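Pasted below: model23.txt, compact mmCIF, C-alpha atoms.
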```txt
# COMPACT_ATOMS: atom_id res chain seq x y z
CA PRO P 8 0.00 0.00 0.00
CA GLU P 9 0.96 3.61 -0.52
CA GLN P 10 2.70 5.17 2.49
CA VAL P 11 1.25 8.50 3.70
CA GLY P 12 3.26 10.04 6.53
CA ASP P 13 3.46 7.41 9.25
CA PHE P 14 0.46 5.57 7.83
CA ALA P 15 0.40 2.68 5.42
CA PRO P 16 -3.32 1.91 5.08
CA ASP P 17 -4.29 -1.53 3.86
CA ALA P 18 -6.80 -1.98 1.04
CA ALA P 19 -9.59 -2.97 3.44
CA ASP P 20 -9.10 0.18 5.48
CA ARG P 21 -9.10 2.38 2.37
CA SER P 22 -12.26 0.77 1.09
CA ARG P 23 -14.11 1.42 4.37
CA ARG P 24 -13.14 5.03 4.94
CA ILE P 25 -10.61 6.57 2.61
CA GLY P 26 -10.37 9.82 4.58
CA PHE P 27 -9.34 8.31 7.90
CA PRO P 28 -5.76 7.24 7.08
CA LEU P 29 -5.07 10.63 5.54
CA ASN P 30 -6.54 12.60 8.44
CA ARG P 31 -3.33 13.23 10.38
CA PHE P 32 -1.42 13.78 7.17
CA ARG P 33 -3.84 16.50 6.06
CA GLN P 34 -3.84 18.40 9.33
CA ASN P 35 -0.09 18.24 9.88
CA SER P 36 0.99 18.85 6.31
CA GLU P 37 2.47 22.31 5.74
CA LEU P 38 1.43 22.04 2.09
CA VAL P 39 -2.21 21.45 3.03
CA LYS P 40 -2.09 24.21 5.66
CA ARG P 41 -0.68 26.71 3.12
CA TYR P 42 -3.28 25.61 0.55
CA ILE P 43 -6.22 26.14 2.94
CA HIS P 44 -4.80 29.51 4.02
CA GLU P 45 -4.41 30.65 0.40
CA MET P 46 -7.85 29.30 -0.54
CA VAL P 47 -9.52 31.27 2.29
CA LEU P 48 -7.53 34.39 1.44
CA GLN P 49 -8.47 34.22 -2.24
CA LEU P 50 -12.12 33.57 -1.35
CA LEU P 51 -12.19 36.75 0.71
CA LEU P 52 -10.42 38.80 -1.95
CA THR P 53 -12.56 37.44 -4.79
CA TYR P 54 -15.94 37.92 -3.10
CA PRO P 55 -15.98 41.33 -1.36
CA ASP P 56 -19.71 41.00 -0.62
CA LEU P 57 -19.16 37.87 1.48
CA LYS P 58 -20.54 38.80 4.90
CA GLY P 59 -18.88 36.17 7.11
CA LEU P 60 -16.86 32.98 7.26
CA GLY P 61 -16.78 29.98 9.54
CA THR P 62 -15.27 26.59 10.15
CA SER P 63 -15.09 23.80 12.70
CA ALA P 64 -12.13 22.32 14.53
CA SER P 65 -13.82 19.21 15.79
CA GLU P 66 -14.64 16.60 13.21
CA TRP P 67 -11.80 14.76 11.49
CA MET P 68 -9.09 16.67 13.30
CA ASP P 69 -6.49 15.16 15.60
CA GLY P 70 -4.57 16.56 18.53
CA ASP P 71 -5.78 18.40 21.56
CA GLY P 72 -7.88 21.56 21.53
CA TYR P 73 -4.80 23.78 21.28
CA ASP P 74 -3.47 21.85 18.25
CA ARG P 75 -6.79 22.22 16.44
CA GLU P 76 -7.23 25.90 17.35
CA ARG P 77 -3.69 26.77 16.24
CA TRP P 78 -4.51 25.19 12.87
CA ILE P 79 -7.68 27.34 12.62
CA TYR P 80 -5.62 30.40 13.52
CA ASP P 81 -2.85 29.60 11.00
CA THR P 82 -5.29 29.04 8.16
CA TYR P 83 -8.58 30.91 8.60
CA VAL P 84 -7.74 33.70 11.06
CA GLN P 85 -4.47 34.65 9.37
CA ALA P 86 -6.17 34.70 5.95
CA ILE P 87 -8.94 36.95 7.27
CA ARG P 88 -6.37 39.32 8.76
CA GLN P 89 -4.25 39.36 5.59
CA SER P 90 -7.30 40.07 3.43
CA GLY P 91 -7.92 43.30 5.33
CA ARG P 92 -11.54 42.29 5.76
CA ASP P 93 -13.42 42.83 9.03
CA ILE P 94 -15.95 40.05 8.76
CA PRO P 95 -17.69 37.93 11.37
CA PHE P 96 -16.19 34.54 12.12
CA ILE P 97 -18.39 31.59 13.03
CA HIS P 98 -16.62 28.91 15.01
CA ARG P 99 -18.63 25.69 14.94
CA THR P 100 -17.89 23.55 17.98
CA ASN P 101 -19.72 20.32 17.30
CA THR P 102 -18.65 17.78 19.97
CA GLN P 103 -15.60 19.86 20.79
CA SER P 104 -15.07 20.82 24.41
CA ALA P 105 -12.41 23.44 23.77
CA GLY P 106 -13.87 26.69 25.09
CA LYS P 107 -10.65 27.66 26.88
CA GLU P 108 -8.55 26.84 23.82
CA ILE P 109 -10.87 28.81 21.51
CA LYS P 110 -10.62 31.80 23.87
CA ASP P 111 -6.83 31.57 24.17
CA VAL P 112 -6.04 31.07 20.47
CA VAL P 113 -8.85 32.36 18.22
CA LEU P 114 -11.42 34.50 20.04
CA LYS P 115 -8.91 37.18 21.06
CA HIS P 116 -8.42 38.12 17.40
CA PHE P 117 -12.04 39.20 16.92
CA GLU P 118 -14.25 41.83 18.45
CA PRO P 119 -17.06 40.15 20.41
CA SER P 120 -19.62 41.49 17.93
CA ARG P 121 -17.72 39.77 15.06
CA PHE P 122 -17.32 36.32 16.65
CA TYR P 123 -19.95 33.59 16.95
CA ILE P 124 -19.85 30.13 18.43
CA SER P 125 -22.19 27.66 16.78
CA TRP P 126 -23.35 24.47 18.49
CA LYS P 127 -25.86 21.78 17.58
CA TYR P 128 -28.94 22.52 19.68
CA SER P 129 -29.43 18.99 20.99
CA ASN P 130 -26.13 17.31 20.10
CA ALA P 131 -27.79 15.44 17.28
CA HIS P 132 -31.17 16.16 15.72
CA ALA P 133 -33.58 19.00 16.41
CA TYR P 134 -36.07 16.92 18.37
CA SER P 135 -33.70 14.41 19.98
CA HIS P 136 -33.83 16.09 23.39
CA PRO P 137 -36.15 18.72 24.87
CA ARG P 138 -33.26 20.68 26.44
CA PRO P 139 -29.73 21.11 25.11
CA GLN P 140 -27.29 18.90 26.98
CA PHE P 141 -23.98 20.00 25.46
CA GLU P 142 -22.77 21.99 28.45
CA SER P 143 -23.37 19.19 30.94
CA LEU P 144 -21.94 16.57 28.56
CA TRP P 145 -18.97 18.42 27.10
CA ASN P 146 -18.24 21.47 29.29
CA ALA P 147 -18.46 23.24 25.96
CA TRP P 148 -18.29 26.80 27.23
CA GLU P 149 -15.48 26.47 29.74
CA GLY P 150 -13.39 29.62 29.50
CA ILE P 151 -15.87 31.51 27.29
CA ASP P 152 -17.53 34.70 28.55
CA LEU P 153 -21.13 33.98 27.63
CA ASP P 154 -22.19 37.55 28.34
CA ARG P 155 -19.92 38.84 25.55
CA THR P 156 -19.89 35.92 23.10
CA GLN P 157 -22.62 35.43 20.54
CA ILE P 158 -23.96 31.89 20.40
CA LEU P 159 -25.74 30.30 17.43
CA PHE P 160 -27.70 27.12 17.95
CA THR P 161 -27.76 24.90 14.88
CA VAL P 162 -30.95 22.90 14.50
```

Any chance you could give the structure as structure tokens?
Amino acid sequence: PEQVGDFAPDAADRSRRIGFPLNRFRQNSELVKRYIHEMVLQLLLTYPDLKGLGTSASEWMDGDGYDRERWIYDTYVQAIRQSGRDIPFIHRTNTQSAGKEIKDVVLKHFEPSRFYISWKYSNAHAYSHPRPQFESLWNAWEGIDLDRTQILFTV
């Protein structure tokens, strides 16, 4: 099998989920990081009417919360800053309990009125639970000032 970083996926593994063996390679590749940064920068320069941008650092990313948030900073936040645009940033936090890491690495680069945290309302589907359980399950907002941070609930 083809070697990718430290991974040599077998054919059975590739046939089940081709993205999994490449996951760590993608996130830790400087080439991929530079590509995503340039893609976001060009998107912002090409579409001046774009009113906001967002991403998630939870699904299909490895490392701890600080690793994932540094990647978001290096790609998305730096591209936004280099574009000269002052646009809102939506940080989706699906199943990611990294409030402190988001605050320490990403949030400080945006005015509170230009930063949103987005979370699935009931951790799954709109009617799966009558009350959101993410805080009690994930400590999702640890470190986040909820009086100053705008929260979007995704249904």

Which distance in Å separates atom CA of Met46 of chain P and atom CA of Glu76 of chain P, to one decimal?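 We find that atom CA of Met46 of chain P and atom CA of Glu76 of chain P lie 18.2 Å from each other.
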
Can you work out which one of P:Ser63, P:Ser135, P:Ser90, P:Gln85 has the shortest atom-to-atom distance to Tyr123 of chain P, counting only C-alpha atoms?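 Checking each candidate against Tyr123 of chain P, we get P:Ser63 as the closest.
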
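Here atom CA of Leu159 of chain P is placed at a distance of 11.9 Å from atom CA of Gly61 of chain P.
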
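Among the candidates P:Tyr73, P:Tyr54, P:Tyr42, P:Trp148, the one nearest to Ser125 of chain P when counting only C-alpha atoms is P:Trp148.
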
Distance criterion (only C-alpha atoms): nearest to Thr100 of chain P out of P:Thr82, P:Gln34, P:Thr156, P:Thr62: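 Comparing P:Thr82, P:Gln34, P:Thr156, P:Thr62 against Thr100 of chain P, the winner is P:Thr62.
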
Please provide as a PyMOL selection string all residues within 12 Å of segment 49-53 of chain P, with the sequence filter that same-chain residues fewer than 6 positions apart are discarded (counting all atoms listed in the file). chain P and resi 42-43+59-60+83-94

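Closest approach to Glu108 of chain P among P:Val47, P:Glu37, P:Arg77, P:Asp69 is made by P:Arg77 (distances from all atoms listed in the file).
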
Measuring between only C-alpha atoms, which one of P:Asp56, P:Leu38, P:Ser120, P:Lys110 shows the shortest distance to Tyr80 of chain P? P:Lys110

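Taking atom CA of Phe160 of chain P as the reference point, atom CA of Leu57 of chain P is found at 21.4 Å.
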
At a cut-off of 7 Å, using all atoms listed in the file, what residues contact Gly106 of chain P? Leave out same-chain residues fewer than 3 positions from it and give the result as a ChimeraX atom specification. /P:109-110,147-151

Find the residue from P:Val113, P:Ala105, P:Val39, P:Ile158 that sits nearest to Asp71 of chain P; use only C-alpha atoms when measuring.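 Among P:Val113, P:Ala105, P:Val39, P:Ile158, it is P:Ala105 that comes nearest to Asp71 of chain P.
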
Exercise: Asn35 of chain P partners within 10 Å, all atoms listed in the file, chain neighbours under 6 positions left out, as a list in words: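 The filter keeps Gly12, Met68, Asp69, Gly70, Asp74 and Trp78 of chain P.
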
Got a minute to add N, CA and C atoms to segment 53-81 of chain P and dump it as a PDB file, in the coordinates of the input?
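Printed below is out-v9.pdb as written:
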```
ATOM      1  N   THR P  53     -11.761  37.597  -3.582  1.00  0.00           N
ATOM      2  CA  THR P  53     -12.560  37.440  -4.790  1.00  0.00           C
ATOM      3  C   THR P  53     -14.018  37.852  -4.584  1.00  0.00           C
ATOM      4  N   TYR P  54     -14.533  37.640  -3.374  1.00  0.00           N
ATOM      5  CA  TYR P  54     -15.940  37.920  -3.100  1.00  0.00           C
ATOM      6  C   TYR P  54     -16.068  38.980  -2.003  1.00  0.00           C
ATOM      7  N   PRO P  55     -15.942  40.256  -2.359  1.00  0.00           N
ATOM      8  CA  PRO P  55     -15.980  41.330  -1.360  1.00  0.00           C
ATOM      9  C   PRO P  55     -17.334  41.461  -0.668  1.00  0.00           C
ATOM     10  N   ASP P  56     -18.396  40.919  -1.258  1.00  0.00           N
ATOM     11  CA  ASP P  56     -19.710  41.000  -0.620  1.00  0.00           C
ATOM     12  C   ASP P  56     -19.959  39.879   0.380  1.00  0.00           C
ATOM     13  N   LEU P  57     -19.033  38.945   0.509  1.00  0.00           N
ATOM     14  CA  LEU P  57     -19.160  37.870   1.480  1.00  0.00           C
ATOM     15  C   LEU P  57     -19.240  38.484   2.873  1.00  0.00           C
ATOM     16  N   LYS P  58     -20.264  38.132   3.622  1.00  0.00           N
ATOM     17  CA  LYS P  58     -20.540  38.800   4.900  1.00  0.00           C
ATOM     18  C   LYS P  58     -20.008  38.061   6.125  1.00  0.00           C
ATOM     19  N   GLY P  59     -19.406  36.898   5.962  1.00  0.00           N
ATOM     20  CA  GLY P  59     -18.880  36.170   7.110  1.00  0.00           C
ATOM     21  C   GLY P  59     -18.245  34.870   6.646  1.00  0.00           C
ATOM     22  N   LEU P  60     -17.565  34.216   7.572  1.00  0.00           N
ATOM     23  CA  LEU P  60     -16.860  32.980   7.260  1.00  0.00           C
ATOM     24  C   LEU P  60     -16.801  32.140   8.522  1.00  0.00           C
ATOM     25  N   GLY P  61     -16.857  30.836   8.368  1.00  0.00           N
ATOM     26  CA  GLY P  61     -16.780  29.980   9.540  1.00  0.00           C
ATOM     27  C   GLY P  61     -16.174  28.635   9.221  1.00  0.00           C
ATOM     28  N   THR P  62     -15.830  27.926  10.277  1.00  0.00           N
ATOM     29  CA  THR P  62     -15.270  26.590  10.150  1.00  0.00           C
ATOM     30  C   THR P  62     -15.470  25.855  11.466  1.00  0.00           C
ATOM     31  N   SER P  63     -15.021  24.624  11.501  1.00  0.00           N
ATOM     32  CA  SER P  63     -15.090  23.800  12.700  1.00  0.00           C
ATOM     33  C   SER P  63     -13.740  23.144  12.935  1.00  0.00           C
ATOM     34  N   ALA P  64     -13.386  22.988  14.187  1.00  0.00           N
ATOM     35  CA  ALA P  64     -12.130  22.320  14.530  1.00  0.00           C
ATOM     36  C   ALA P  64     -12.415  21.051  15.319  1.00  0.00           C
ATOM     37  N   SER P  65     -13.478  20.365  14.973  1.00  0.00           N
ATOM     38  CA  SER P  65     -13.820  19.210  15.790  1.00  0.00           C
ATOM     39  C   SER P  65     -13.825  17.911  15.010  1.00  0.00           C
ATOM     40  N   GLU P  66     -14.525  17.854  13.925  1.00  0.00           N
ATOM     41  CA  GLU P  66     -14.640  16.600  13.210  1.00  0.00           C
ATOM     42  C   GLU P  66     -13.456  16.373  12.290  1.00  0.00           C
ATOM     43  N   TRP P  67     -12.911  15.184  12.341  1.00  0.00           N
ATOM     44  CA  TRP P  67     -11.800  14.760  11.490  1.00  0.00           C
ATOM     45  C   TRP P  67     -10.517  15.541  11.744  1.00  0.00           C
ATOM     46  N   MET P  68     -10.352  16.029  12.953  1.00  0.00           N
ATOM     47  CA  MET P  68      -9.090  16.670  13.300  1.00  0.00           C
ATOM     48  C   MET P  68      -8.498  15.960  14.502  1.00  0.00           C
ATOM     49  N   ASP P  69      -7.192  15.827  14.506  1.00  0.00           N
ATOM     50  CA  ASP P  69      -6.490  15.160  15.600  1.00  0.00           C
ATOM     51  C   ASP P  69      -5.853  16.188  16.523  1.00  0.00           C
ATOM     52  N   GLY P  70      -5.260  15.702  17.583  1.00  0.00           N
ATOM     53  CA  GLY P  70      -4.570  16.560  18.530  1.00  0.00           C
ATOM     54  C   GLY P  70      -5.513  17.071  19.591  1.00  0.00           C
ATOM     55  N   ASP P  71      -4.954  17.827  20.512  1.00  0.00           N
ATOM     56  CA  ASP P  71      -5.780  18.400  21.560  1.00  0.00           C
ATOM     57  C   ASP P  71      -6.419  19.696  21.054  1.00  0.00           C
ATOM     58  N   GLY P  72      -7.190  20.339  21.922  1.00  0.00           N
ATOM     59  CA  GLY P  72      -7.880  21.560  21.530  1.00  0.00           C
ATOM     60  C   GLY P  72      -6.934  22.651  21.058  1.00  0.00           C
ATOM     61  N   TYR P  73      -5.767  22.750  21.687  1.00  0.00           N
ATOM     62  CA  TYR P  73      -4.800  23.780  21.280  1.00  0.00           C
ATOM     63  C   TYR P  73      -4.231  23.482  19.893  1.00  0.00           C
ATOM     64  N   ASP P  74      -3.962  22.217  19.586  1.00  0.00           N
ATOM     65  CA  ASP P  74      -3.470  21.850  18.250  1.00  0.00           C
ATOM     66  C   ASP P  74      -4.486  22.259  17.186  1.00  0.00           C
ATOM     67  N   ARG P  75      -5.748  21.923  17.427  1.00  0.00           N
ATOM     68  CA  ARG P  75      -6.790  22.220  16.440  1.00  0.00           C
ATOM     69  C   ARG P  75      -7.007  23.725  16.296  1.00  0.00           C
ATOM     70  N   GLU P  76      -7.008  24.455  17.414  1.00  0.00           N
ATOM     71  CA  GLU P  76      -7.230  25.900  17.350  1.00  0.00           C
ATOM     72  C   GLU P  76      -6.058  26.635  16.703  1.00  0.00           C
ATOM     73  N   ARG P  77      -4.848  26.154  16.917  1.00  0.00           N
ATOM     74  CA  ARG P  77      -3.690  26.770  16.240  1.00  0.00           C
ATOM     75  C   ARG P  77      -3.814  26.585  14.728  1.00  0.00           C
ATOM     76  N   TRP P  78      -4.321  25.432  14.303  1.00  0.00           N
ATOM     77  CA  TRP P  78      -4.510  25.190  12.870  1.00  0.00           C
ATOM     78  C   TRP P  78      -5.552  26.168  12.317  1.00  0.00           C
ATOM     79  N   ILE P  79      -6.642  26.368  13.041  1.00  0.00           N
ATOM     80  CA  ILE P  79      -7.680  27.340  12.620  1.00  0.00           C
ATOM     81  C   ILE P  79      -7.067  28.733  12.549  1.00  0.00           C
ATOM     82  N   TYR P  80      -6.260  29.081  13.534  1.00  0.00           N
ATOM     83  CA  TYR P  80      -5.620  30.400  13.520  1.00  0.00           C
ATOM     84  C   TYR P  80      -4.681  30.530  12.314  1.00  0.00           C
ATOM     85  N   ASP P  81      -3.835  29.539  12.087  1.00  0.00           N
ATOM     86  CA  ASP P  81      -2.850  29.600  11.000  1.00  0.00           C
ATOM     87  C   ASP P  81      -3.496  29.661   9.625  1.00  0.00           C
TER      88      ASP P  81
END
```
